[in-house]
Every structure is written in C-alpha cells, then in structure tokens.
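Data file: entry01.cif. Format and content: mmCIF, C-alpha atoms.
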```cif
data_protein
loop_
_atom_site.label_atom_id
_atom_site.label_comp_id
_atom_site.auth_asym_id
_atom_site.auth_seq_id
_atom_site.Cartn_x
_atom_site.Cartn_y
_atom_site.Cartn_z
CA MET U 1 -10.48 -33.93 -11.23
CA THR U 2 -7.33 -32.05 -12.13
CA THR U 3 -8.77 -28.55 -12.70
CA GLY U 4 -6.67 -26.09 -10.73
CA CYS U 5 -4.47 -28.76 -9.15
CA ARG U 6 -1.30 -27.67 -10.93
CA VAL U 7 -1.73 -23.99 -10.02
CA ARG U 8 -2.55 -25.01 -6.45
CA GLN U 9 0.69 -26.97 -6.27
CA TRP U 10 2.57 -23.93 -7.57
CA ALA U 11 0.87 -21.59 -5.06
CA SER U 12 1.64 -23.95 -2.17
CA ARG U 13 5.34 -23.32 -2.76
CA LEU U 14 4.79 -19.58 -2.32
CA TYR U 15 2.34 -19.35 0.54
CA SER U 16 2.00 -20.73 4.05
CA ALA U 17 -0.32 -23.61 4.92
CA GLN U 18 -2.71 -21.20 6.66
CA THR U 19 -2.98 -18.92 3.61
CA MET U 20 -3.50 -21.96 1.40
CA GLN U 21 -6.19 -23.34 3.67
CA HIS U 22 -8.17 -20.11 4.14
CA VAL U 23 -7.63 -18.14 0.93
CA ILE U 24 -6.24 -20.15 -2.00
CA ASP U 25 -7.98 -23.52 -1.50
CA PRO U 26 -11.51 -22.03 -1.28
CA VAL U 27 -10.90 -20.19 -4.59
CA ILE U 28 -9.81 -23.43 -6.28
CA ALA U 29 -12.67 -25.38 -4.67
CA ASP U 30 -15.15 -22.85 -6.09
CA LEU U 31 -13.49 -23.06 -9.50
CA GLN U 32 -13.66 -26.87 -9.52
CA HIS U 33 -17.28 -27.08 -8.34
CA GLU U 34 -18.61 -24.40 -10.65
CA TYR U 35 -16.77 -25.84 -13.64
CA GLU U 36 -17.92 -29.41 -12.97
CA ARG U 37 -21.51 -28.29 -12.44
CA THR U 38 -21.55 -26.31 -15.72
CA LYS U 39 -19.81 -29.12 -17.62
CA ALA U 40 -22.42 -31.59 -16.41
CA THR U 41 -25.14 -29.50 -18.09
CA ARG U 42 -23.24 -29.92 -21.42
CA GLN U 43 -22.78 -26.20 -21.89
CA GLY U 44 -19.26 -26.23 -23.37
CA LEU U 45 -18.88 -22.52 -24.01
CA ARG U 46 -20.33 -21.54 -20.65
CA ALA U 47 -18.01 -24.04 -18.92
CA GLY U 48 -15.06 -22.39 -20.69
CA ILE U 49 -16.15 -18.95 -19.49
CA VAL U 50 -16.59 -20.27 -15.94
CA LEU U 51 -13.10 -21.75 -16.07
CA LEU U 52 -11.64 -18.48 -17.34
CA ARG U 53 -13.40 -16.46 -14.63
CA GLY U 54 -12.25 -18.92 -11.98
CA TYR U 55 -8.63 -18.71 -13.10
CA CYS U 56 -8.84 -14.89 -13.26
CA ALA U 57 -10.06 -14.88 -9.65
CA PHE U 58 -7.26 -17.28 -8.67
CA TRP U 59 -4.50 -15.16 -10.24
CA THR U 60 -5.94 -11.96 -8.78
CA VAL U 61 -5.85 -13.52 -5.33
CA VAL U 62 -2.37 -15.01 -5.74
CA MET U 63 -0.65 -12.06 -7.39
CA VAL U 64 -2.41 -9.07 -5.83
CA HIS U 65 -4.50 -9.69 -2.74
CA VAL U 66 -2.39 -12.17 -0.80
CA PRO U 67 0.87 -10.13 -1.26
CA ALA U 68 -1.09 -6.98 -0.29
CA MET U 69 -2.46 -8.75 2.80
CA TRP U 70 1.04 -9.95 3.74
CA LEU U 71 2.51 -6.45 3.28
CA HIS U 72 -0.31 -4.92 5.31
CA ARG U 73 0.30 -7.39 8.14
CA THR U 74 4.10 -6.90 8.09
CA ILE U 75 3.84 -3.12 8.19
CA GLY U 76 1.12 -3.34 10.84
CA GLY U 77 3.33 -5.67 12.89
CA LEU U 78 6.32 -3.35 12.57
CA ARG U 79 4.18 -0.37 13.50
CA THR U 80 2.81 -1.97 16.63
CA SER U 81 6.08 -3.53 17.82
CA HIS U 82 8.38 -0.56 17.10
CA GLN U 83 5.88 2.16 16.37
CA GLU U 84 8.05 5.03 17.58
CA SER U 85 11.20 3.83 15.75
CA PHE U 86 9.19 3.07 12.63
CA ILE U 87 7.74 6.58 12.39
CA ARG U 88 11.06 8.17 13.38
CA ALA U 89 12.77 6.22 10.57
CA VAL U 90 10.20 6.52 7.79
CA VAL U 91 9.49 10.26 8.01
CA PRO U 92 13.15 11.46 7.71
CA ALA U 93 13.89 8.81 5.07
CA VAL U 94 11.00 9.97 2.88
CA LEU U 95 11.88 13.62 3.43
CA THR U 96 15.53 12.98 2.48
CA MET U 97 14.52 11.04 -0.61
CA VAL U 98 12.15 13.75 -1.83
CA THR U 99 14.58 16.61 -1.04
CA LEU U 100 17.53 14.89 -2.70
CA SER U 101 15.54 13.89 -5.76
CA VAL U 102 14.28 17.44 -6.19
CA ALA U 103 17.75 18.92 -5.57
CA LEU U 104 19.52 16.60 -8.00
CA VAL U 105 16.90 16.96 -10.73
CA ALA U 106 16.32 20.70 -10.24
CA SER U 107 19.38 21.90 -12.15
CA PRO U 108 18.84 19.90 -15.39
CA ALA U 109 15.05 20.35 -15.11
CA HIS U 110 15.53 24.12 -14.99
CA SER U 111 16.99 24.06 -18.50
CA ILE U 112 13.81 22.47 -19.90
CA ASN U 113 11.78 25.22 -21.51
CA GLN U 114 8.60 23.23 -22.12
CA ARG U 115 5.83 23.83 -19.59
CA ASP U 116 3.42 21.24 -21.01
CA LEU U 117 2.96 17.48 -20.79
CA LEU U 118 6.24 16.92 -22.63
CA GLY U 119 8.04 19.04 -20.03
CA ALA U 120 6.56 16.92 -17.22
CA TRP U 121 7.59 13.74 -19.08
CA LEU U 122 11.14 15.09 -19.42
CA VAL U 123 11.35 15.75 -15.67
CA ILE U 124 10.13 12.18 -15.01
CA LEU U 125 12.89 10.89 -17.31
CA LEU U 126 15.45 12.75 -15.19
CA LEU U 127 14.29 11.20 -11.93
CA PRO U 128 16.10 7.82 -12.26
CA GLN U 129 19.43 9.70 -12.20
CA SER U 130 18.77 10.77 -8.62
CA ILE U 131 17.94 7.26 -7.35
CA PRO U 132 21.54 5.99 -6.90
CA PHE U 133 22.12 8.89 -4.47
CA SER U 134 18.69 9.22 -2.91
CA ILE U 135 18.27 5.54 -1.95
CA PRO U 136 21.47 5.16 0.12
CA LEU U 137 21.22 8.58 1.73
CA SER U 138 17.55 8.26 2.65
CA LEU U 139 18.23 4.77 4.01
CA PHE U 140 21.10 6.17 6.08
CA THR U 141 19.00 9.05 7.43
CA GLY U 142 16.11 6.73 8.26
CA ILE U 143 18.33 4.21 10.05
CA VAL U 144 20.16 6.84 12.09
CA CYS U 145 17.01 8.77 13.04
CA GLY U 146 14.88 5.71 13.74
CA LEU U 147 17.38 3.69 15.74
CA ARG U 148 19.32 6.46 17.49
CA LEU U 149 20.15 5.60 21.13
CA ARG U 150 18.90 2.05 20.63
CA PRO U 151 21.22 -0.92 21.28
CA VAL U 152 22.67 -2.47 18.13
CA THR U 153 21.36 -5.99 18.68
CA ARG U 154 21.76 -8.88 16.27
CA THR U 155 18.19 -8.38 15.00
CA VAL U 156 18.87 -4.70 14.33
CA ARG U 157 22.07 -5.58 12.45
CA ARG U 158 20.34 -8.23 10.39
CA THR U 159 17.40 -5.95 9.53
CA VAL U 160 19.72 -3.10 8.56
CA VAL U 161 21.88 -5.36 6.37
CA ILE U 162 18.77 -6.76 4.63
CA LEU U 163 17.51 -3.21 4.01
CA GLY U 164 20.95 -2.25 2.66
CA LEU U 165 21.05 -5.26 0.35
CA ALA U 166 17.55 -4.50 -0.92
CA GLY U 167 18.56 -0.87 -1.55
CA THR U 168 21.68 -2.04 -3.38
CA LEU U 169 19.65 -4.33 -5.61
CA VAL U 170 17.21 -1.54 -6.49
CA SER U 171 20.09 0.89 -7.15
CA ALA U 172 21.97 -1.64 -9.28
CA GLY U 173 18.86 -2.40 -11.31
CA THR U 174 18.16 1.28 -11.83
CA ILE U 175 21.76 2.06 -12.82
CA ALA U 176 22.07 -0.95 -15.12
CA TRP U 177 18.76 -0.75 -16.95
CA VAL U 178 16.64 2.27 -16.15
CA VAL U 179 19.09 5.21 -16.19
CA PRO U 180 20.64 4.54 -19.66
CA VAL U 181 17.19 4.06 -21.23
CA ALA U 182 15.73 7.13 -19.49
CA ASN U 183 18.72 9.27 -20.51
CA GLN U 184 18.43 8.20 -24.14
CA ALA U 185 14.67 8.83 -24.12
CA PHE U 186 15.31 12.29 -22.64
CA ARG U 187 17.82 13.21 -25.37
CA THR U 188 15.59 11.85 -28.13
CA ALA U 189 12.58 13.77 -26.78
CA ILE U 190 14.60 17.01 -26.62
CA ALA U 191 16.21 16.64 -30.05
CA ARG U 192 13.04 15.17 -31.64
CA ARG U 193 15.17 12.71 -33.61
CA VAL U 194 17.12 9.54 -32.90
CA LEU U 195 20.59 10.27 -31.51
CA LEU U 196 23.66 8.09 -31.06
CA GLU U 197 24.13 6.97 -27.46
CA GLY U 198 26.61 8.98 -25.37
CA PRO U 199 28.52 7.57 -22.35
CA ALA U 200 25.61 8.28 -19.96
CA GLU U 201 23.23 6.38 -22.23
CA MET U 202 25.42 3.29 -22.64
CA SER U 203 24.90 0.12 -20.66
CA SER U 204 27.72 -0.75 -18.26
CA HIS U 205 29.11 -3.39 -20.61
CA GLU U 206 29.11 -0.97 -23.58
CA LEU U 207 30.71 1.75 -21.46
CA ARG U 208 33.62 -0.45 -20.43
CA SER U 209 34.17 -1.84 -23.92
CA HIS U 210 34.15 1.70 -25.32
CA ALA U 211 36.62 2.87 -22.65
CA LEU U 212 39.02 0.00 -23.37
CA ALA U 213 38.78 0.64 -27.11
CA LEU U 214 39.66 4.32 -26.56
CA ARG U 215 42.59 3.33 -24.34
CA ASP U 216 43.89 1.02 -27.08
CA GLN U 217 43.70 3.96 -29.48
CA GLY U 218 45.85 6.01 -27.06
CA ARG U 219 43.03 8.44 -26.13
CA LEU U 220 43.84 8.09 -22.45
CA ALA U 221 41.94 11.08 -21.04
CA GLU U 222 38.65 10.01 -22.64
CA ALA U 223 39.27 6.37 -21.69
CA GLY U 224 40.00 7.41 -18.07
CA ASP U 225 36.80 9.46 -17.93
CA LEU U 226 34.70 6.51 -19.10
CA LEU U 227 36.45 3.93 -16.93
CA PHE U 228 35.89 6.09 -13.85
CA SER U 229 32.19 6.46 -14.80
CA PHE U 230 31.93 2.68 -15.17
CA HIS U 231 33.37 1.95 -11.72
CA ALA U 232 31.48 4.87 -10.14
CA ARG U 233 28.20 3.31 -11.33
CA TRP U 234 28.86 0.11 -9.40
CA ALA U 235 30.26 1.98 -6.40
CA LEU U 236 27.01 3.98 -6.26
CA ALA U 237 25.01 0.77 -6.52
CA GLY U 238 26.90 -0.63 -3.51
CA ALA U 239 26.42 2.61 -1.58
CA ALA U 240 23.05 1.55 -0.14
CA LEU U 241 24.62 -1.33 1.76
CA VAL U 242 27.63 0.79 2.76
CA PHE U 243 25.43 3.61 4.07
CA ALA U 244 23.22 1.14 5.95
CA VAL U 245 26.28 -0.25 7.75
CA PHE U 246 27.60 3.28 8.27
CA GLY U 247 24.26 4.11 9.90
CA LEU U 248 24.84 1.22 12.33
CA GLY U 249 28.31 2.65 13.10
CA VAL U 250 26.82 6.07 13.85
CA ILE U 251 24.16 4.53 16.11
CA ALA U 252 26.82 2.58 17.98
CA LEU U 253 28.57 5.87 18.84
CA ARG U 254 25.43 6.98 20.74
CA LEU U 255 25.86 10.61 19.77
CA GLY U 256 23.58 13.44 20.86
CA ARG U 257 20.88 14.81 18.58
CA VAL U 258 22.92 17.77 17.22
CA ALA U 259 26.01 15.64 16.65
CA THR U 260 23.91 13.00 14.84
CA VAL U 261 22.35 15.61 12.55
CA LEU U 262 25.82 17.02 11.83
CA VAL U 263 27.27 13.58 11.02
CA VAL U 264 24.32 12.72 8.76
CA ALA U 265 24.45 16.07 6.91
CA THR U 266 28.24 15.96 6.53
CA ALA U 267 28.24 12.37 5.25
CA CYS U 268 25.52 13.17 2.71
CA VAL U 269 27.19 16.37 1.45
CA VAL U 270 30.69 14.85 1.28
CA TYR U 271 29.51 11.75 -0.55
CA VAL U 272 27.47 13.59 -3.18
CA SER U 273 30.21 16.23 -3.61
CA TYR U 274 32.88 13.55 -4.05
CA PHE U 275 31.20 12.08 -7.10
CA GLU U 276 29.96 15.43 -8.43
CA GLU U 277 33.22 17.37 -7.98
CA LEU U 278 35.97 14.75 -8.36
CA HIS U 279 35.31 14.64 -12.06
CA GLU U 280 35.91 18.41 -12.36
CA LEU U 281 38.95 18.35 -10.08
CA ALA U 282 40.55 15.46 -11.94
CA ARG U 283 39.84 16.90 -15.39
CA PRO U 284 43.49 17.88 -16.11
CA ARG U 285 44.66 14.39 -15.14
CA LEU U 286 41.83 12.16 -16.38
CA SER U 287 44.38 9.94 -18.13
CA LEU U 288 45.34 8.61 -14.69
CA PHE U 289 41.99 6.82 -14.55
CA SER U 290 42.78 4.94 -17.76
CA HIS U 291 44.47 2.42 -15.47
CA GLU U 292 41.69 0.13 -14.31
CA GLY U 293 43.11 -0.10 -10.78
CA THR U 294 43.24 3.69 -10.29
CA ALA U 295 39.70 4.21 -11.57
CA LEU U 296 38.43 1.38 -9.37
CA THR U 297 40.26 2.71 -6.30
CA PHE U 298 38.98 6.28 -6.66
CA ALA U 299 35.43 5.16 -7.37
CA TRP U 300 35.26 2.80 -4.39
CA LEU U 301 37.36 4.93 -2.00
CA PRO U 302 34.41 6.61 -0.19
CA ASN U 303 32.62 3.27 0.23
CA VAL U 304 35.72 1.55 1.60
CA LEU U 305 36.50 4.44 3.98
CA MET U 306 32.93 4.45 5.27
CA LEU U 307 32.89 0.69 5.75
CA VAL U 308 36.19 0.77 7.67
CA THR U 309 34.94 3.67 9.83
CA SER U 310 31.65 1.88 10.53
CA LEU U 311 33.37 -1.36 11.50
CA ALA U 312 35.76 0.60 13.74
CA CYS U 313 32.81 2.33 15.44
CA LEU U 314 30.98 -0.95 15.95
CA THR U 315 34.10 -2.72 17.29
CA LYS U 316 35.05 0.19 19.55
CA ARG U 317 31.57 0.21 21.00
CA ASP U 318 31.82 -3.54 21.68
CA ASP U 319 35.17 -2.99 23.45
CA ARG U 320 33.56 -0.47 25.77
CA ARG U 321 30.97 -3.00 26.89
CA VAL U 322 32.58 -4.73 29.85
CA PRO U 323 30.82 -7.95 30.81
CA VAL U 324 29.10 -7.73 34.21
CA LYS U 325 31.05 -10.65 35.71
CA GLU U 326 34.38 -9.16 34.62
CA SER U 327 33.57 -5.73 36.06
CA VAL U 328 32.54 -7.32 39.39
CA SER U 329 35.75 -9.38 39.61
CA ARG U 330 37.81 -6.27 38.80
CA ALA U 331 36.12 -4.39 41.63
CA MET D 1 3.18 0.03 28.80
CA THR D 2 -0.42 -1.29 28.78
CA LYS D 3 -2.10 -1.57 25.41
CA THR D 4 -5.53 -0.03 25.02
CA PRO D 5 -7.98 -2.60 23.60
CA ARG D 6 -8.93 -1.91 19.99
CA ILE D 7 -12.55 -1.11 19.26
CA PRO D 8 -13.93 -3.59 16.71
CA SER D 9 -14.52 -1.97 13.34
CA LEU D 10 -16.16 -3.05 10.11
CA SER D 11 -15.35 -2.05 6.55
CA SER D 12 -18.18 -1.75 4.04
CA LYS D 13 -17.36 -5.19 2.57
CA GLU D 14 -17.20 -6.78 6.00
CA THR D 15 -20.58 -5.26 6.89
CA LEU D 16 -22.07 -6.66 3.69
CA VAL D 17 -20.64 -10.15 4.33
CA LEU D 18 -21.96 -10.18 7.89
CA GLU D 19 -25.39 -8.95 6.79
CA LEU D 20 -25.63 -11.71 4.18
CA LEU D 21 -24.50 -14.41 6.59
CA VAL D 22 -26.87 -13.24 9.33
CA GLN D 23 -29.80 -13.10 6.92
CA GLN D 24 -29.16 -16.26 4.94
CA GLY D 25 -27.16 -18.49 7.29
CA GLU D 26 -24.16 -20.61 6.31
CA MET D 27 -22.75 -19.81 2.85
CA TYR D 28 -19.62 -20.39 0.82
CA GLY D 29 -17.62 -17.69 -0.98
CA LEU D 30 -19.20 -17.92 -4.41
CA GLN D 31 -22.70 -17.86 -2.91
CA LEU D 32 -21.77 -14.66 -1.10
CA VAL D 33 -20.50 -13.16 -4.37
CA SER D 34 -23.72 -13.99 -6.23
CA SER D 35 -25.96 -12.88 -3.33
CA SER D 36 -24.15 -9.54 -3.06
CA ARG D 37 -25.26 -8.43 -6.56
CA ARG D 38 -21.66 -7.86 -7.70
CA ARG D 39 -20.71 -5.77 -4.68
CA LEU D 40 -18.31 -8.54 -3.62
CA LYS D 41 -15.75 -9.79 -6.14
CA ARG D 42 -14.58 -13.37 -6.60
CA GLY D 43 -10.95 -12.25 -6.35
CA THR D 44 -11.33 -10.44 -3.03
CA VAL D 45 -14.03 -12.31 -1.16
CA TYR D 46 -11.76 -14.96 0.38
CA VAL D 47 -9.18 -12.39 1.53
CA THR D 48 -12.02 -10.51 3.27
CA LEU D 49 -13.42 -13.73 4.73
CA GLY D 50 -9.96 -14.79 5.96
CA ARG D 51 -9.44 -11.41 7.64
CA MET D 52 -12.87 -11.54 9.28
CA GLU D 53 -12.17 -15.04 10.54
CA GLU D 54 -8.94 -13.79 12.13
CA LYS D 55 -10.88 -11.00 13.82
CA GLY D 56 -13.32 -13.57 15.19
CA TYR D 57 -16.38 -12.29 13.33
CA LEU D 58 -16.80 -15.53 11.36
CA ARG D 59 -16.07 -19.21 11.71
CA SER D 60 -15.68 -21.67 8.89
CA ARG D 61 -15.83 -25.39 8.28
CA LEU D 62 -15.12 -27.61 5.31
CA GLU D 63 -18.08 -29.31 3.69
CA ALA D 64 -17.80 -32.98 2.83
CA PRO D 65 -15.71 -33.43 -0.35
CA PRO D 66 -17.81 -34.21 -3.45
CA ALA D 67 -18.07 -37.97 -3.81
CA LYS D 68 -18.29 -38.32 -7.59
CA THR D 69 -15.81 -35.83 -8.96
CA GLY D 70 -13.25 -35.53 -6.20
CA GLY D 71 -11.50 -32.20 -5.84
CA LEU D 72 -11.21 -29.82 -2.92
CA PRO D 73 -14.04 -29.45 -0.39
CA ARG D 74 -15.67 -26.02 -0.23
CA ARG D 75 -15.38 -23.86 2.87
CA LEU D 76 -18.63 -22.74 4.47
CA TYR D 77 -18.79 -19.60 6.60
CA GLU D 78 -21.15 -18.44 9.31
CA ALA D 79 -21.26 -15.41 11.59
CA THR D 80 -20.10 -15.83 15.20
CA ALA D 81 -21.82 -14.28 18.20
CA LEU D 82 -19.14 -11.55 18.23
CA GLY D 83 -19.72 -10.89 14.53
CA ARG D 84 -23.48 -10.53 15.10
CA ARG D 85 -22.92 -8.19 18.07
CA VAL D 86 -20.44 -6.04 16.12
CA LEU D 87 -22.80 -5.86 13.14
CA SER D 88 -25.74 -4.87 15.31
CA ALA D 89 -23.69 -2.21 17.16
CA TRP D 90 -22.19 -0.94 13.92
CA THR D 91 -25.59 -0.67 12.22
CA ARG D 92 -27.03 1.13 15.24
CA VAL D 93 -24.15 3.63 15.37
CA ALA D 94 -24.35 4.21 11.61
CA ARG D 95 -28.11 4.77 11.84
CA GLU D 96 -27.74 7.29 14.66
CA LEU D 97 -24.75 9.19 13.33
CA LEU D 98 -25.45 9.02 9.62
CA PRO D 99 -29.17 8.39 9.12
CA GLU D 100 -28.89 9.08 5.38
CA PHE D 101 -26.53 6.10 4.95
CA ALA D 102 -28.44 3.69 7.15
CA ARG D 103 -29.81 0.72 5.28
#
```

Just dump the structure as structure tokens.
Amino acid sequence: MTTGCRVRQWASRLYSAQTMQHVIDPVIADLQHEYERTKATRQGLRAGIVLLRGYCAFWTVVMVHVPAMWLHRTIGGLRTSHQESFIRAVVPAVLTMVTLSVALVASPAHSINQRDLLGAWLVILLLPQSIPFSIPLSLFTGIVCGLRLRPVTRTVRRTVVILGLAGTLVSAGTIAWVVPVANQAFRTAIARRVLLEGPAEMSSHELRSHALALRDQGRLAEAGDLLFSFHARWALAGAALVFAVFGLGVIALRLGRVATVLVVATACVVYVSYFEELHELARPRLSLFSHEGTALTFAWLPNVLMLVTSLACLTKRDDRRVPVKESVSRA
Amino acid sequence: MTKTPRIPSLSSKETLVLELLVQQGEMYGLQLVSSSRRRLKRGTVYVTLGRMEEKGYLRSRLEAPPAKTGGLPRRLYEATALGRRVLSAWTRVARELLPEFAR
C-alpha cells in the first residue's frame, strides 16, 4: 500500500519523530484504512471522496494545526521560563510599533478626504511604508525593556541576533516587494486611472537602473536623489539587525531606568529624523549623491555608527568584568 | 521560587473526547470523529488527542498492522484514571456552577 507514503516521507523531514508518531501517522493510518475498506466494496467514486477527505485532513494537520501547536508550545515555554522578561519586552515593543505606525502614516493619511471603505483601504496601503522604521525600533525597545539589567549571556546574544535577522528579512521583503506595489495601488486608487510608476513605486532594481541612466544623461541632482533612496532602502532593511545589536550594547551599559528611556527615545528620534530630514538638508547638493560611494556612505552611516557604538559598549563591559581568580591574586 | 501546581482544565473538545472514551471504551481517531456527530473534525482530532496524552488524560497503543494490505497501524486511545477523575470533577463543577450548560 502506497497511499499517503510519499506525503508521510515529506512530513517526516519537517516534524520530529514524536509529532510524526502521535499526530501525522494516525492521520495517514486512518486515510489508508478508510480508503482500502471503501475500495474493497468496489465503490470507486466513494473511495475517491474518502481519499480526498483524508488528504484534506492531512494537509490541514501538517500546514495549520502542527505549526500552531508548535508556536503555542514555544510561546508557552518562553512565558514560563522568562515570564517577566517576556511581558516586559512584548508590551513596549507592541506599543512602539503601533505608535510609530500611526505617527508615520498619520500625515499622509490626513490628506485623504474619503471617509468610506476606500479611505480605509488607502490608509491600509500606506501602512507598509511605516514597517521599515517600526520593526527595528519596536525590536530595539522590546529588547532594551525586556532584558534591562540582565547579563548579556551567549544565549541572550544568540536570541537577539536571530530576532534581528528575522526582522531584517521581514523589512527587506516589505521594502523590496510590498512597499512599491502598495504605493502604486495607492496612487492608482487616488487618481482613479493607471499612472506611470514614480521612484517610490519602482522596485530596487528599476530604481538603480533609472538613477544610473539619469547620471549618464548628466542630470546629477535627480540621479543623486534616486541613488540615495536606493541605498537608504537597503540600509533601512538592515536596521532591524543593527538595532537589535544596539539594544544589546545598551543593556551591557546597565543604565538606570530614566537613562535607558532617554537613550531609547533619542536613538529612535535621531534615526527617523536622519532619513526624514537628510533629504531636505541635502537638497541643494543632491548631485553629491550621484557618486555611488557617497550615497552608500550617507545611507549606511547611522547603521555603521550604531554597530560600532554597540560593539564598543559590549567590549567595554567585558573589560570591566575581572575574572575572580585574577582579582584574588591582585589582592 | 516555588511553582504553584496547575489545576487540570478541560476544553470543550477535550471534554467531548473523554466522554466518548469513557462511554465507549478504546477508540481510534476516526471513530471518535464519527461518534461525535461532526463536533470533532478529522483535521484537529489528533492534535487534541496528542495534547491530552501529554497532559496524562489519555494513553494510546498501536493496533496490530493490517496483515493483507500493509500500511501504518492505527493508534487506539483510552482514558486514564486521571482523565476519568478530571472529567468527573469537571462535569460536577460545570453542573453546579452552570446548571443550564450541564449535559
């Protein structure tokens, strides 16, 4: 009997032996028995329906219920092992994400005159724009608030770096695919006709090609503007990892509550302002950014500075830790 | 810090599974689905059964693999003593606190 054997083999690569034994195998066993029993009664159509229902049950279990069970257990485990840290991290992170999203979307949303379903849809289309800022900053706030005054152990470092990498992947995906499409949909919905894509609606590849073409035509200011936007997109995508590491640096300093809040608020305001205001400040000299190196440097400058500062904080903290044996021999 | 022991709890699906197993004895997943009159789904029953087994309310064993056709052996479930006690306590509490919902 080969019914369900191939899908079982596939599932065994994804799930542990215990999950296979207690959840997946019984589903396949039921599928095989029911199918064989119906086939033996020579009811072809009914056997087909049984097979279809069995496979539906299998895919529901594999794709929905087992991942949900795993997620439930992981979160439950985190909650019971580090309940206090978990709550202290999640609440500020969610609050920061919501506040930032609302703040960044509020200004363009205010200009929408529609107060109907279309208006709500337009606000939803604006939301992806806030994600490249809200993910790193909420991650940073969560890490700093949740792990404040805790030792930066190897497990903490590894968890924070994994969270940062996950945030970076989500940001990069949003910037690369979601934001251009959402922006174009927003413009089309407002204008009620198909419009040509502007720089904010172009994919990263199109943006760079367009910038280089403009530079070749000698339109340096426009080329600089676009090249900076191109590099800023990727710098913002990397910001989640940078802010996660920066959070570790801040924890390593073991600051008081007020100082921590000040550092978090300052970092968030400075970072958002840098990307929001630099463009305006550099407007008279945008041609400078037509050199790839200059655009890249200015776009990545905050990330690099924050990484260097974080590493310095982490190293300095390590220097301060004098091994017990050494301190005894010194005495 | 000492952990306070968790009070055993039952969801509506878990209660139904335990009731069926107590009433009808050892059953496998698909039998539970058909006996529940569509209140249990094929896609969720084994996740529920797995969770209940972890909690100690059920125990399972594999039946002998079918001789003719081959294939995987089915898993049979039965209620444990703890499962029966929890069900009886749960039913009693439900009957006293919420008589309108008591079966």

Any chance you could resolve the PyMOL selection byres ((chain U) within 10 of (chain D)) against this file and give the residues as a ChimeraX atom specification?
/U:1-5,18-19,21-34,36,53-62,64-66,68-69

By how many Å are CA of Val304 in chain U and CA of Glu201 in chain U apart?
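According to the coordinates, CA of Val304 in chain U and CA of Glu201 in chain U are separated by 27.3 Å.
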
Which is closer to Leu21 in chain D than all the others in D:Leu58, D:Leu82, D:Val93, D:Leu98, using all atoms listed in the file?
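The closest residue to Leu21 in chain D is D:Leu58.
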
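This file, queried with the PyMOL selection byres ((chain D and resi 90) around 12), gives the residues Ile7, Pro8, Ser9, Leu10, Ser11, Ser12, Glu14, Thr15, Leu16, Leu18, Glu19, Leu82, Gly83, Arg84, Arg85, Val86, Leu87, Ser88, Ala89, Thr91, Arg92, Val93, Ala94, Arg95, Glu96, Leu97, Leu98, Ala102 and Arg103 of chain D.
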
Taking the file as shown, what set of residues would the PyMOL selection byres ((chain D and resi 59) around 8) give back, as an mmCIF file with C-alpha atoms, in the coordinates of the input?
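The file below, result.cif, is the result:
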```cif
data_model
loop_
_atom_site.group_PDB
_atom_site.id
_atom_site.type_symbol
_atom_site.label_atom_id
_atom_site.label_comp_id
_atom_site.auth_asym_id
_atom_site.auth_seq_id
_atom_site.Cartn_x
_atom_site.Cartn_y
_atom_site.Cartn_z
ATOM 1 C CA GLU D 53 -12.170 -15.040 10.540
ATOM 2 C CA GLY D 56 -13.320 -13.570 15.190
ATOM 3 C CA TYR D 57 -16.380 -12.290 13.330
ATOM 4 C CA LEU D 58 -16.800 -15.530 11.360
ATOM 5 C CA SER D 60 -15.680 -21.670 8.890
ATOM 6 C CA ARG D 61 -15.830 -25.390 8.280
ATOM 7 C CA TYR D 77 -18.790 -19.600 6.600
ATOM 8 C CA GLU D 78 -21.150 -18.440 9.310
ATOM 9 C CA ALA D 79 -21.260 -15.410 11.590
ATOM 10 C CA THR D 80 -20.100 -15.830 15.200
#
```

Within 8 Å of (28.9, 10.3, -12.4), only C-alpha atoms: residues as a tab-separated table (two decimals) with C-alpha atoms, in the coordinates of the input?
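Here's the written file out.tsv:
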```
chain	number	residue	atom	x	y	z
U	229	SER	CA	32.19	6.46	-14.80
U	232	ALA	CA	31.48	4.87	-10.14
U	233	ARG	CA	28.20	3.31	-11.33
U	275	PHE	CA	31.20	12.08	-7.10
U	276	GLU	CA	29.96	15.43	-8.43
U	279	HIS	CA	35.31	14.64	-12.06
```

Report, in Å with one decimal, the straight-line distance from CA of Asp216 in chain U to CA of Gly198 in chain U.
19.1 Å

So what do you get for CA of Leu296 in chain U versus CA of Phe228 in chain U, distance-wise?
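Interatomic distance here is 7.0 Å.
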